[in-house]
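**Student:** Got a file for you: entry.cif, mmCIF, C-alpha atoms.
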```
data_protein
loop_
_atom_site.label_atom_id
_atom_site.label_comp_id
_atom_site.auth_asym_id
_atom_site.auth_seq_id
_atom_site.Cartn_x
_atom_site.Cartn_y
_atom_site.Cartn_z
CA MET Q 135 81.21 27.40 38.47
CA THR Q 136 81.21 29.72 41.49
CA GLN Q 137 78.85 29.42 44.46
CA THR Q 138 77.01 32.57 43.34
CA GLU Q 139 76.57 31.21 39.79
CA GLN Q 140 75.09 28.00 41.21
CA ASP Q 141 72.90 29.95 43.64
CA PRO Q 142 72.20 33.56 42.55
CA PHE Q 143 70.97 34.46 46.06
CA PHE Q 144 73.80 32.79 48.01
CA ASP Q 145 75.20 36.05 49.37
CA ILE Q 146 71.89 37.45 50.67
CA ARG Q 147 69.59 34.54 51.51
CA PRO Q 148 69.07 32.83 54.89
CA TYR Q 149 70.90 29.59 55.58
CA HIS Q 150 69.50 26.32 54.28
CA ASP Q 151 69.12 23.22 56.47
CA GLN Q 152 72.48 21.75 55.48
CA GLU Q 153 74.25 24.99 56.45
CA VAL Q 154 72.78 25.37 59.94
CA ALA Q 155 75.20 23.16 61.91
CA GLY Q 156 78.25 24.77 60.29
CA ALA Q 157 76.94 28.29 60.93
CA ILE Q 158 76.32 27.47 64.60
CA ALA Q 159 79.85 26.05 64.91
CA ASP Q 160 81.22 29.27 63.38
CA LEU Q 161 79.26 31.35 65.89
CA ILE Q 162 80.50 29.40 68.89
CA ALA Q 163 84.09 29.70 67.63
CA ASP Q 164 83.72 33.47 67.07
CA GLN Q 165 85.41 35.18 70.03
CA GLU Q 166 83.69 38.48 69.23
CA PHE Q 167 80.31 36.76 69.54
CA ILE Q 168 81.29 35.23 72.88
CA LYS Q 169 82.55 38.62 74.11
CA ALA Q 170 79.21 40.19 73.12
CA ILE Q 171 77.28 37.58 75.11
CA LEU Q 172 79.48 38.21 78.12
CA HIS Q 173 79.10 41.97 77.77
CA TYR Q 174 75.29 41.90 77.69
CA ARG Q 175 74.66 38.86 79.89
CA PHE Q 176 77.37 39.40 82.53
CA PRO Q 177 78.37 43.08 82.24
CA HIS Q 178 80.09 43.22 85.66
CA LEU Q 179 82.12 40.07 85.09
CA SER Q 180 82.94 40.21 81.39
CA GLY Q 181 85.99 42.44 81.84
CA PRO Q 182 88.24 40.94 84.50
CA PHE Q 183 86.79 37.44 84.30
CA GLY Q 184 86.16 37.26 80.56
CA TRP Q 185 89.06 34.87 80.00
CA LEU Q 186 87.56 32.52 82.59
CA LEU Q 187 83.93 32.76 81.47
CA SER Q 188 84.53 32.44 77.70
CA PRO Q 189 85.15 28.66 77.73
CA LEU Q 190 82.13 28.18 79.99
CA VAL Q 191 79.90 30.15 77.61
CA LYS Q 192 81.19 28.17 74.63
CA ALA Q 193 80.56 24.87 76.41
CA ALA Q 194 77.05 25.95 77.38
CA LEU Q 195 76.24 27.00 73.80
CA LYS Q 196 77.52 23.69 72.44
CA ARG Q 197 75.27 21.78 74.83
CA LYS Q 198 72.25 23.97 74.06
CA TRP Q 199 72.67 24.19 70.29
CA SER Q 200 74.15 20.78 69.42
CA SER Q 201 70.72 19.44 68.48
CA LEU Q 202 69.95 22.28 66.04
CA ILE Q 203 70.49 20.89 62.55
CA SER Q 204 67.70 22.51 60.51
CA VAL Q 205 66.00 25.86 59.95
CA ARG Q 206 62.91 24.56 61.73
CA ASP Q 207 65.01 23.54 64.75
CA VAL Q 208 66.31 27.09 65.01
CA GLN Q 209 62.81 28.54 64.64
CA LEU Q 210 61.49 26.33 67.45
CA GLN Q 211 64.37 27.54 69.64
CA VAL Q 212 63.51 31.15 68.77
CA ALA Q 213 59.83 30.45 69.52
CA ALA Q 214 60.72 29.19 73.01
CA TYR Q 215 62.74 32.35 73.62
CA MET Q 216 59.90 34.52 72.27
CA LYS Q 217 57.44 32.87 74.65
CA LYS Q 218 59.59 33.91 77.62
CA THR Q 219 60.27 37.37 76.20
CA MET Q 220 56.59 38.15 75.59
CA ALA Q 221 55.67 36.87 79.07
CA ASN Q 222 58.32 39.07 80.69
CA THR Q 223 57.95 42.27 78.65
CA THR Q 224 54.23 42.59 77.89
CA THR Q 225 51.18 42.94 80.11
CA ASP Q 226 48.84 41.68 77.39
CA PHE Q 227 49.35 40.29 73.90
CA SER Q 228 46.71 39.80 71.24
CA TYR Q 229 46.45 39.38 67.49
CA SER Q 230 43.70 39.36 64.87
CA GLY Q 231 43.15 38.64 61.19
CA VAL Q 232 45.28 35.48 60.97
CA GLU Q 233 42.15 33.42 60.38
CA ARG Q 234 42.02 34.91 56.88
CA LEU Q 235 45.43 33.47 56.02
CA LYS Q 236 45.73 30.14 54.21
CA LYS Q 237 48.31 27.94 55.87
CA ASP Q 238 49.62 26.58 52.56
CA GLN Q 239 49.99 30.02 50.97
CA ALA Q 240 53.09 32.23 51.01
CA TYR Q 241 52.47 35.92 51.75
CA LEU Q 242 54.42 39.14 51.61
CA PHE Q 243 53.78 40.77 54.98
CA ILE Q 244 54.42 44.53 54.94
CA SER Q 245 54.22 46.09 58.40
CA ASN Q 246 54.75 49.40 60.13
CA HIS Q 247 58.18 49.64 61.70
CA ARG Q 248 58.76 50.64 65.32
CA ASP Q 249 61.37 48.15 66.55
CA ILE Q 250 64.40 46.67 64.76
CA ALA Q 251 64.11 43.09 65.99
CA MET Q 252 60.72 42.76 67.67
CA ASP Q 253 58.53 43.80 64.72
CA PRO Q 254 59.35 40.74 62.57
CA ALA Q 255 59.78 38.53 65.64
CA ILE Q 256 56.27 39.35 66.87
CA VAL Q 257 54.75 38.80 63.43
CA ASN Q 258 56.48 35.41 63.27
CA TRP Q 259 55.34 34.62 66.80
CA CYS Q 260 51.74 35.13 65.65
CA LEU Q 261 52.26 32.93 62.59
CA HIS Q 262 53.87 30.23 64.75
CA LYS Q 263 50.98 30.29 67.24
CA TYR Q 264 48.52 30.03 64.33
CA GLY Q 265 50.35 26.97 63.00
CA MET Q 266 51.91 28.59 59.93
CA ASN Q 267 55.53 28.61 58.81
CA THR Q 268 57.39 31.70 59.96
CA ALA Q 269 58.34 34.33 57.40
CA ARG Q 270 61.78 35.19 56.09
CA ILE Q 271 62.91 38.58 57.37
CA ALA Q 272 64.37 41.49 55.37
CA ILE Q 273 67.25 43.13 57.25
CA GLY Q 274 69.44 46.02 56.14
CA ASP Q 275 73.18 45.43 55.85
CA ASN Q 276 73.70 48.59 57.93
CA LEU Q 277 72.84 46.41 60.94
CA LEU Q 278 75.29 43.69 59.95
CA LYS Q 279 78.62 45.30 60.76
CA LYS Q 280 79.94 42.17 62.49
CA ASP Q 281 80.31 38.74 60.88
CA CYS Q 282 78.77 37.08 63.91
CA VAL Q 283 75.65 39.28 63.66
CA THR Q 284 75.26 38.38 59.97
CA THR Q 285 75.55 34.68 60.81
CA LEU Q 286 73.04 34.97 63.66
CA MET Q 287 70.50 36.83 61.50
CA ARG Q 288 70.81 34.43 58.57
CA LEU Q 289 70.26 31.53 60.98
CA ASN Q 290 67.00 33.23 61.96
CA LYS Q 291 65.60 33.26 58.40
CA SER Q 292 66.87 36.77 57.63
CA PHE Q 293 67.95 37.87 54.16
CA ILE Q 294 70.11 40.88 53.45
CA VAL Q 295 68.98 44.19 51.94
CA ARG Q 296 72.13 45.82 50.55
CA ARG Q 297 71.61 49.47 51.48
CA SER Q 298 75.35 50.16 51.32
CA ALA Q 299 75.58 49.59 47.55
CA LYS Q 300 77.54 52.43 45.92
CA GLY Q 301 76.80 53.99 42.57
CA PRO Q 302 73.71 53.63 40.32
CA ARG Q 303 74.89 50.41 38.60
CA GLU Q 304 75.74 48.56 41.82
CA MET Q 305 72.55 49.80 43.48
CA LEU Q 306 70.37 48.68 40.56
CA LYS Q 307 72.04 45.26 40.60
CA ALA Q 308 71.43 44.90 44.35
CA LEU Q 309 67.78 45.98 44.04
CA GLY Q 310 67.23 43.60 41.12
CA GLN Q 311 68.71 40.69 43.08
CA LEU Q 312 66.54 41.55 46.10
CA SER Q 313 63.36 41.78 43.99
CA ALA Q 314 64.18 38.47 42.28
CA TYR Q 315 64.84 36.78 45.62
CA ILE Q 316 61.52 37.95 47.09
CA HIS Q 317 59.65 36.64 44.04
CA HIS Q 318 61.63 33.37 44.15
CA SER Q 319 60.93 32.88 47.86
CA LEU Q 320 57.20 33.53 47.50
CA GLY Q 321 56.60 31.81 44.18
CA THR Q 322 59.11 28.96 43.86
CA GLU Q 323 59.93 28.10 47.47
CA LYS Q 324 56.50 29.02 48.92
CA GLN Q 325 58.16 30.86 51.81
CA SER Q 326 56.52 33.98 53.23
CA ILE Q 327 58.43 37.26 53.56
CA TRP Q 328 58.34 40.06 56.15
CA ILE Q 329 59.52 43.51 55.17
CA ALA Q 330 59.06 46.90 56.82
CA GLN Q 331 56.98 49.51 55.01
CA ARG Q 332 60.02 51.78 54.84
CA GLU Q 333 63.72 51.91 55.66
CA GLY Q 334 64.31 52.86 59.31
CA ARG Q 335 61.95 52.93 62.27
CA ALA Q 336 59.13 55.48 62.54
CA LYS Q 337 60.78 57.35 65.40
CA ASP Q 338 58.25 60.21 65.35
CA GLY Q 339 55.25 57.85 65.37
CA ASN Q 340 54.24 58.55 61.76
CA ASP Q 341 53.93 55.29 59.87
CA TYR Q 342 54.00 55.56 56.09
CA THR Q 343 54.95 53.29 53.22
CA ASP Q 344 57.89 54.27 51.06
CA ALA Q 345 56.88 53.98 47.40
CA ALA Q 346 60.54 53.36 46.47
CA MET Q 347 60.40 50.05 48.35
CA LEU Q 348 57.34 49.03 46.31
CA LYS Q 349 59.07 50.00 43.07
CA MET Q 350 61.90 47.66 44.11
CA LEU Q 351 59.39 44.82 44.45
CA TYR Q 352 58.19 45.40 40.88
CA ILE Q 353 61.65 45.18 39.26
CA GLU Q 354 61.35 41.41 38.82
CA GLY Q 355 57.71 41.61 37.73
CA ARG Q 356 58.54 44.19 35.07
CA LYS Q 357 61.41 41.97 33.91
CA GLN Q 358 58.85 39.15 33.48
CA GLY Q 359 56.64 41.42 31.38
CA LEU Q 360 53.90 41.78 34.00
CA SER Q 361 51.91 44.93 34.66
CA PHE Q 362 52.25 46.50 38.11
CA ALA Q 363 48.80 45.21 39.13
CA GLU Q 364 49.54 41.69 37.84
CA ASP Q 365 52.79 41.52 39.78
CA ILE Q 366 51.18 42.79 42.99
CA GLY Q 367 48.47 40.14 42.63
CA GLN Q 368 50.98 37.27 42.61
CA LEU Q 369 52.88 38.60 45.65
CA HIS Q 370 49.86 38.18 47.98
CA ILE Q 371 50.62 41.32 50.00
CA VAL Q 372 49.14 41.48 53.51
CA PRO Q 373 49.49 44.76 55.47
CA VAL Q 374 50.29 44.19 59.15
CA THR Q 375 49.79 46.69 61.97
CA ILE Q 376 51.86 46.32 65.15
CA SER Q 377 50.65 48.45 68.08
CA TYR Q 378 52.88 48.79 71.15
CA GLU Q 379 51.51 50.51 74.23
CA LEU Q 380 55.05 51.41 75.31
CA ASP Q 381 58.18 51.85 73.21
CA PRO Q 382 61.24 50.53 75.09
CA CYS Q 383 63.46 52.75 72.91
CA ASP Q 384 61.44 55.97 73.27
CA LYS Q 385 64.15 57.82 75.24
CA ALA Q 386 66.80 57.11 72.63
CA LYS Q 387 64.44 58.03 69.81
CA VAL Q 388 63.47 61.42 71.26
CA ARG Q 389 67.14 62.24 71.94
CA GLU Q 390 67.90 61.55 68.29
CA LEU Q 391 64.95 63.66 67.11
CA VAL Q 392 65.98 66.60 69.31
CA GLN Q 393 69.57 66.44 68.08
CA LYS Q 394 68.43 66.37 64.45
CA GLN Q 395 66.18 69.34 65.14
CA THR Q 396 68.82 71.42 66.92
CA GLN Q 397 72.00 70.35 65.09
CA GLY Q 398 70.66 69.23 61.74
CA HIS Q 399 72.13 65.74 61.94
CA TYR Q 400 72.59 62.74 64.20
CA GLN Q 401 75.61 60.45 64.35
CA LYS Q 402 74.98 56.94 65.64
CA GLY Q 403 77.41 55.36 68.07
CA GLU Q 404 79.30 52.22 67.02
CA PHE Q 405 77.08 49.81 68.97
CA GLU Q 406 73.90 51.91 69.04
CA ASP Q 407 71.90 49.62 66.74
CA ILE Q 408 72.85 46.57 68.83
CA ASP Q 409 71.91 48.44 72.01
CA SER Q 410 68.54 49.34 70.42
CA ILE Q 411 67.95 45.70 69.50
CA ILE Q 412 68.71 44.55 73.06
CA GLN Q 413 66.56 47.31 74.60
CA GLY Q 414 63.70 46.58 72.21
CA ILE Q 415 63.74 42.89 73.10
CA THR Q 416 64.17 43.20 76.87
CA GLY Q 417 62.31 46.47 77.57
CA MET Q 418 58.71 46.71 78.75
CA LYS Q 419 56.15 47.07 75.97
CA GLY Q 420 52.91 47.05 77.96
CA ARG Q 421 50.03 45.86 75.82
CA VAL Q 422 50.78 44.73 72.26
CA HIS Q 423 48.36 43.99 69.43
CA VAL Q 424 49.15 42.66 65.96
CA ALA Q 425 46.52 43.00 63.23
CA PHE Q 426 46.82 41.17 59.91
CA GLY Q 427 44.86 43.26 57.42
CA GLU Q 428 43.00 42.40 54.24
CA MET Q 429 45.21 41.15 51.42
CA VAL Q 430 45.85 43.82 48.80
CA GLN Q 431 43.76 43.28 45.68
CA PRO Q 432 45.43 43.49 42.25
CA ASN Q 433 43.67 46.71 41.27
CA VAL Q 434 46.46 49.20 41.91
CA ASP Q 435 48.45 50.53 38.98
CA SER Q 436 51.35 52.35 40.62
CA ALA Q 437 53.65 52.28 43.63
CA ASP Q 438 52.14 55.50 44.97
CA GLU Q 439 48.63 54.04 44.75
CA LEU Q 440 49.74 50.86 46.51
CA ALA Q 441 51.54 52.85 49.23
CA ALA Q 442 48.34 54.79 49.93
CA ALA Q 443 46.32 51.56 50.12
CA LEU Q 444 48.82 49.99 52.53
CA ASP Q 445 48.90 53.09 54.74
CA ALA Q 446 45.11 53.20 54.93
CA GLU Q 447 44.83 49.52 55.94
CA ILE Q 448 47.69 49.74 58.44
CA TYR Q 449 46.10 52.71 60.22
CA ARG Q 450 42.57 51.29 60.13
CA ASN Q 451 43.87 48.37 62.18
CA TYR Q 452 45.91 50.42 64.66
CA ARG Q 453 45.12 49.72 68.33
CA LEU Q 454 45.14 52.92 70.43
CA PHE Q 455 46.05 52.88 74.11
CA PRO Q 456 45.52 55.51 76.86
CA ILE Q 457 49.07 56.81 76.42
CA ASN Q 458 48.30 57.68 72.79
CA TYR Q 459 45.25 59.77 73.77
CA LEU Q 460 47.15 61.46 76.60
CA ALA Q 461 50.05 62.34 74.32
CA ALA Q 462 47.62 63.79 71.78
CA GLY Q 463 45.75 65.76 74.45
CA VAL Q 464 42.52 63.92 73.65
CA GLU Q 465 40.18 62.71 76.38
CA HIS Q 466 38.99 59.10 76.20
CA ASP Q 467 36.98 56.76 78.41
CA SER Q 468 39.87 54.26 78.54
CA ILE Q 469 42.13 56.70 80.44
CA THR Q 470 42.43 56.00 84.17
CA ALA Q 471 44.02 58.02 86.98
CA GLU Q 472 46.91 55.55 86.94
CA ASP Q 473 47.41 56.16 83.20
CA ARG Q 474 47.60 59.92 83.82
CA ALA Q 475 50.11 59.47 86.62
CA LEU Q 476 52.32 57.19 84.50
CA TRP Q 477 52.23 59.65 81.60
CA GLN Q 478 53.19 62.55 83.84
CA ALA Q 479 56.04 60.49 85.30
CA LYS Q 480 57.27 59.68 81.79
CA LEU Q 481 57.14 63.36 80.79
CA ALA Q 482 59.08 64.32 83.91
CA GLU Q 483 62.01 62.18 82.71
CA HIS Q 484 62.48 64.38 79.65
CA SER Q 485 63.49 67.95 78.86
CA GLU Q 486 60.95 70.34 77.35
CA ALA Q 487 62.32 69.74 73.84
CA GLU Q 488 62.21 65.99 74.35
CA GLN Q 489 58.65 66.21 75.71
CA HIS Q 490 57.52 67.71 72.41
CA TRP Q 491 58.83 64.71 70.48
CA LEU Q 492 57.55 62.25 73.08
CA LYS Q 493 54.05 63.66 72.63
CA THR Q 494 54.48 63.55 68.86
CA MET Q 495 55.71 59.94 68.94
CA TYR Q 496 52.84 58.59 71.03
CA GLY Q 497 50.15 61.02 69.80
CA ALA Q 498 50.67 60.71 66.02
CA PRO Q 499 48.49 57.58 65.59
CA VAL Q 500 45.50 59.38 67.18
CA PHE Q 501 45.61 62.19 64.64
CA LYS Q 502 46.32 59.84 61.75
CA LEU Q 503 43.37 57.60 62.67
CA LYS Q 504 41.11 60.64 62.87
CA GLN Q 505 42.30 61.72 59.44
CA GLN Q 506 41.79 58.20 58.08
CA ALA Q 507 38.23 58.05 59.48
CA GLU Q 508 37.41 61.35 57.81
CA GLN Q 509 38.73 60.05 54.48
CA ASP Q 510 36.74 56.83 54.83
CA ALA Q 511 33.49 58.63 55.75
CA PRO Q 512 30.96 58.66 52.91
CA THR Q 513 30.43 62.07 51.30
CA GLN Q 514 27.02 63.66 51.65
#
```
If you convert what's in this file into structure tokens, what do you get?

**Tutor:**
Amino acid sequence: MTQTEQDPFFDIRPYHDQEVAGAIADLIADQEFIKAILHYRFPHLSGPFGWLLSPLVKAALKRKWSSLISVRDVQLQVAAYMKKTMANTTTDFSYSGVERLKKDQAYLFISNHRDIAMDPAIVNWCLHKYGMNTARIAIGDNLLKKDCVTTLMRLNKSFIVRRSAKGPREMLKALGQLSAYIHHSLGTEKQSIWIAQREGRAKDGNDYTDAAMLKMLYIEGRKQGLSFAEDIGQLHIVPVTISYELDPCDKAKVRELVQKQTQGHYQKGEFEDIDSIIQGITGMKGRVHVAFGEMVQPNVDSADELAAALDAEIYRNYRLFPINYLAAGVEHDSITAEDRALWQAKLAEHSEAEQHWLKTMYGAPVFKLKQQAEQDAPTQ
């Protein structure tokens, strides 16, 4: 019997406790991984002195990671790193709604998507601070072009979404496996899941839920003979809204949007996703708020209906900052003279075409919240 026959999720799931030590050993032995650390940690020395620094980096990693022998050990290490990261890259951090979560319940957290790595990391940071187990993280295989990256992500409770599947049959098989794994994780293993509301970050600031992703979730439920509403009820879906005052990747995003607008397409560089991950982690985010919304009730009968419900809850819980009002051209009491000066300085760093998309990116939530308030207002 093959490994996949024994474990139908072997090729996509995160590592189990007994696999952690071996995966860490593989990482430390991976020269490409060591070279990447040198490149990002010691950019001026990694070239000429790489041969000298590599053994030192390996020795340091062995000392630091030798005690990590379980998934929880790795999560505690990540939590320590997150504590430093949030202290260094945010001016204020807050979260709300976690008090509604039951600590012995597994949830499917569906959030808006602005940052590749920080969105799930911040949600897990909130869960950790609240005393809950962290969630398993859905990550597209388009980000896993290197074996060492795949190993690192699976160590950090990530499971693989096979977006590169070719042909209808292979794609349906991959989607079915993914749906089955999410149900298995939530129902059998009692492990929460984080997944973005759509594939790809909302680069233009417009957060919306892709109904196709929700249809994927229902594949396993339909196979079990459940109605859409029945399946949604057992998944315990909680919408999550992540509000960043500043987007560390805003320059790269507006450049991409301008190129798509002017040339009709955008071609990513080989290491662009990794650069975005690093920039998102290390860049300044200003104030950050995470809101855990009300759990979705099992009274929705279609993916489109569920998508609309998720969008409404995500936007109701959005936290607006002065930069959002300034970008939208809307006056607000929270705006200070310093805020205006910072916004003008940010605009000055961009071309006229880029300024349009910068305003769109930061201003979109203001208009969407206004629209949502009008929809929620009782009719006369």

**Student:** Could you list, as a PyMOL selection string, every residue matched by the PyMOL selection byres ((chain Q and resi 207) around 12) in this structure?

**Tutor:** chain Q and resi 150-151+154-155+158+198-206+208-214+289-291

**Student:** Restricting the calculation to only C-alpha atoms, which member of Q:Ile294, Q:Leu309, Q:Val500, Q:Leu161 is positioned closest to Q:Glu465?

**Tutor:**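 Among the listed residues, Q:Val500 lies closest to Q:Glu465.
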
**Student:** Apply the PyMOL selection byres ((chain Q and resi 243) around 9) to the displayed file and report the matching residues as JSON, numbers by chain.

**Tutor:** {"Q": [241, 242, 244, 245, 257, 269, 326, 327, 328, 329, 330, 370, 371, 372, 373, 374, 426]}

**Student:** For stretch 447-450 of chain Q, find every residue with an atom within 12 Å (counting all atoms listed in the file), except residues of its own chain fewer than 3 positions away, and show them as number ranges by chain.

**Tutor:** Q: 243-247, 330-331, 339-343, 371-377, 424-430, 440-444, 453-454, 498-510

**Student:** On this file, the PyMOL selection byres ((chain Q and resi 494) around 10) gives some set of residues; write that set as a VMD selection string.

**Tutor:** chain Q and resid 337 to 340 388 458 461 to 462 488 to 493 495 to 499 501

**Student:** When you draw a straight line from atom CA of Q:Lys280 to atom CA of Q:Phe167, how long is it in Å?

**Tutor:**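 Those two atoms sit 8.9 Å apart.
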
**Student:** Can you tell me, as a PDB file with C-alpha atoms, keeping the file's coordinate frame, what residues are no more than 10 Å from stretch 323-325 of chain Q when counting all atoms listed in the file, ignoring any on the same chain fewer than 2 positions away?

**Tutor:**
```pdb
ATOM      1  CA  ASP Q 238      49.620  26.580  52.560  1.00  0.00           C
ATOM      2  CA  GLN Q 239      49.990  30.020  50.970  1.00  0.00           C
ATOM      3  CA  ALA Q 240      53.090  32.230  51.010  1.00  0.00           C
ATOM      4  CA  TYR Q 241      52.470  35.920  51.750  1.00  0.00           C
ATOM      5  CA  LEU Q 242      54.420  39.140  51.610  1.00  0.00           C
ATOM      6  CA  ASN Q 267      55.530  28.610  58.810  1.00  0.00           C
ATOM      7  CA  THR Q 268      57.390  31.700  59.960  1.00  0.00           C
ATOM      8  CA  ALA Q 269      58.340  34.330  57.400  1.00  0.00           C
ATOM      9  CA  ARG Q 270      61.780  35.190  56.090  1.00  0.00           C
ATOM     10  CA  ILE Q 316      61.520  37.950  47.090  1.00  0.00           C
ATOM     11  CA  HIS Q 317      59.650  36.640  44.040  1.00  0.00           C
ATOM     12  CA  HIS Q 318      61.630  33.370  44.150  1.00  0.00           C
ATOM     13  CA  SER Q 319      60.930  32.880  47.860  1.00  0.00           C
ATOM     14  CA  LEU Q 320      57.200  33.530  47.500  1.00  0.00           C
ATOM     15  CA  GLY Q 321      56.600  31.810  44.180  1.00  0.00           C
ATOM     16  CA  ILE Q 327      58.430  37.260  53.560  1.00  0.00           C
TER      17      ILE Q 327
END
```

**Student:** Output requested as a PDB file, in the coordinates of the input - stretch 329-336 of chain Q, filled out with all heavy atoms.

**Tutor:**
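So rebuild-v3.pdb came out as:
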```pdb
ATOM      1  N   ILE Q 329      58.702  42.340  55.465  1.00  0.00           N
ATOM      2  CA  ILE Q 329      59.520  43.510  55.170  1.00  0.00           C
ATOM      3  C   ILE Q 329      58.833  44.734  55.754  1.00  0.00           C
ATOM      4  O   ILE Q 329      57.600  44.813  55.797  1.00  0.00           O
ATOM      5  CB  ILE Q 329      59.742  43.665  53.636  1.00  0.00           C
ATOM      6  CG1 ILE Q 329      60.838  44.695  53.346  1.00  0.00           C
ATOM      7  CG2 ILE Q 329      58.455  44.006  52.909  1.00  0.00           C
ATOM      8  CD1 ILE Q 329      61.331  44.666  51.902  1.00  0.00           C
ATOM      9  N   ALA Q 330      59.620  45.678  56.251  1.00  0.00           N
ATOM     10  CA  ALA Q 330      59.060  46.900  56.820  1.00  0.00           C
ATOM     11  C   ALA Q 330      58.558  47.807  55.696  1.00  0.00           C
ATOM     12  O   ALA Q 330      59.058  47.765  54.569  1.00  0.00           O
ATOM     13  CB  ALA Q 330      60.121  47.636  57.638  1.00  0.00           C
ATOM     14  N   GLN Q 331      57.576  48.636  56.013  1.00  0.00           N
ATOM     15  CA  GLN Q 331      56.980  49.510  55.010  1.00  0.00           C
ATOM     16  C   GLN Q 331      57.934  50.610  54.537  1.00  0.00           C
ATOM     17  O   GLN Q 331      57.679  51.254  53.528  1.00  0.00           O
ATOM     18  CB  GLN Q 331      55.692  50.142  55.541  1.00  0.00           C
ATOM     19  CG  GLN Q 331      55.904  51.088  56.702  1.00  0.00           C
ATOM     20  CD  GLN Q 331      54.618  51.726  57.190  1.00  0.00           C
ATOM     21  OE1 GLN Q 331      54.584  52.314  58.257  1.00  0.00           O
ATOM     22  NE2 GLN Q 331      53.542  51.637  56.454  1.00  0.00           N
ATOM     23  N   ARG Q 332      59.033  50.790  55.262  1.00  0.00           N
ATOM     24  CA  ARG Q 332      60.020  51.780  54.840  1.00  0.00           C
ATOM     25  C   ARG Q 332      61.347  51.479  55.537  1.00  0.00           C
ATOM     26  O   ARG Q 332      61.393  50.726  56.518  1.00  0.00           O
ATOM     27  CB  ARG Q 332      59.573  53.193  55.181  1.00  0.00           C
ATOM     28  CG  ARG Q 332      59.658  53.519  56.659  1.00  0.00           C
ATOM     29  CD  ARG Q 332      59.102  54.894  56.955  1.00  0.00           C
ATOM     30  NE  ARG Q 332      59.722  55.483  58.126  1.00  0.00           N
ATOM     31  CZ  ARG Q 332      59.226  56.511  58.795  1.00  0.00           C
ATOM     32  NH1 ARG Q 332      58.110  57.059  58.390  1.00  0.00           N
ATOM     33  NH2 ARG Q 332      59.847  56.999  59.839  1.00  0.00           N
ATOM     34  N   GLU Q 333      62.408  52.065  55.031  1.00  0.00           N
ATOM     35  CA  GLU Q 333      63.720  51.910  55.660  1.00  0.00           C
ATOM     36  C   GLU Q 333      63.752  52.738  56.937  1.00  0.00           C
ATOM     37  O   GLU Q 333      63.384  53.910  56.956  1.00  0.00           O
ATOM     38  CB  GLU Q 333      64.811  52.399  54.705  1.00  0.00           C
ATOM     39  CG  GLU Q 333      66.205  52.314  55.256  1.00  0.00           C
ATOM     40  CD  GLU Q 333      67.251  52.855  54.295  1.00  0.00           C
ATOM     41  OE1 GLU Q 333      66.976  52.864  53.074  1.00  0.00           O
ATOM     42  OE2 GLU Q 333      68.326  53.266  54.758  1.00  0.00           O
ATOM     43  N   GLY Q 334      64.198  52.145  58.038  1.00  0.00           N
ATOM     44  CA  GLY Q 334      64.310  52.860  59.310  1.00  0.00           C
ATOM     45  C   GLY Q 334      62.997  52.868  60.080  1.00  0.00           C
ATOM     46  O   GLY Q 334      61.897  52.831  59.511  1.00  0.00           O
ATOM     47  N   ARG Q 335      63.124  52.920  61.405  1.00  0.00           N
ATOM     48  CA  ARG Q 335      61.950  52.930  62.270  1.00  0.00           C
ATOM     49  C   ARG Q 335      61.225  54.266  62.213  1.00  0.00           C
ATOM     50  O   ARG Q 335      61.840  55.307  61.948  1.00  0.00           O
ATOM     51  CB  ARG Q 335      62.371  52.654  63.720  1.00  0.00           C
ATOM     52  CG  ARG Q 335      62.909  51.269  63.979  1.00  0.00           C
ATOM     53  CD  ARG Q 335      63.575  51.183  65.347  1.00  0.00           C
ATOM     54  NE  ARG Q 335      64.809  51.972  65.393  1.00  0.00           N
ATOM     55  CZ  ARG Q 335      65.445  52.282  66.511  1.00  0.00           C
ATOM     56  NH1 ARG Q 335      64.982  51.888  67.674  1.00  0.00           N
ATOM     57  NH2 ARG Q 335      66.560  52.995  66.470  1.00  0.00           N
ATOM     58  N   ALA Q 336      59.920  54.252  62.486  1.00  0.00           N
ATOM     59  CA  ALA Q 336      59.130  55.480  62.540  1.00  0.00           C
ATOM     60  C   ALA Q 336      59.337  56.108  63.913  1.00  0.00           C
ATOM     61  O   ALA Q 336      58.510  55.956  64.815  1.00  0.00           O
ATOM     62  CB  ALA Q 336      57.657  55.174  62.293  1.00  0.00           C
TER      63      ALA Q 336
END
```
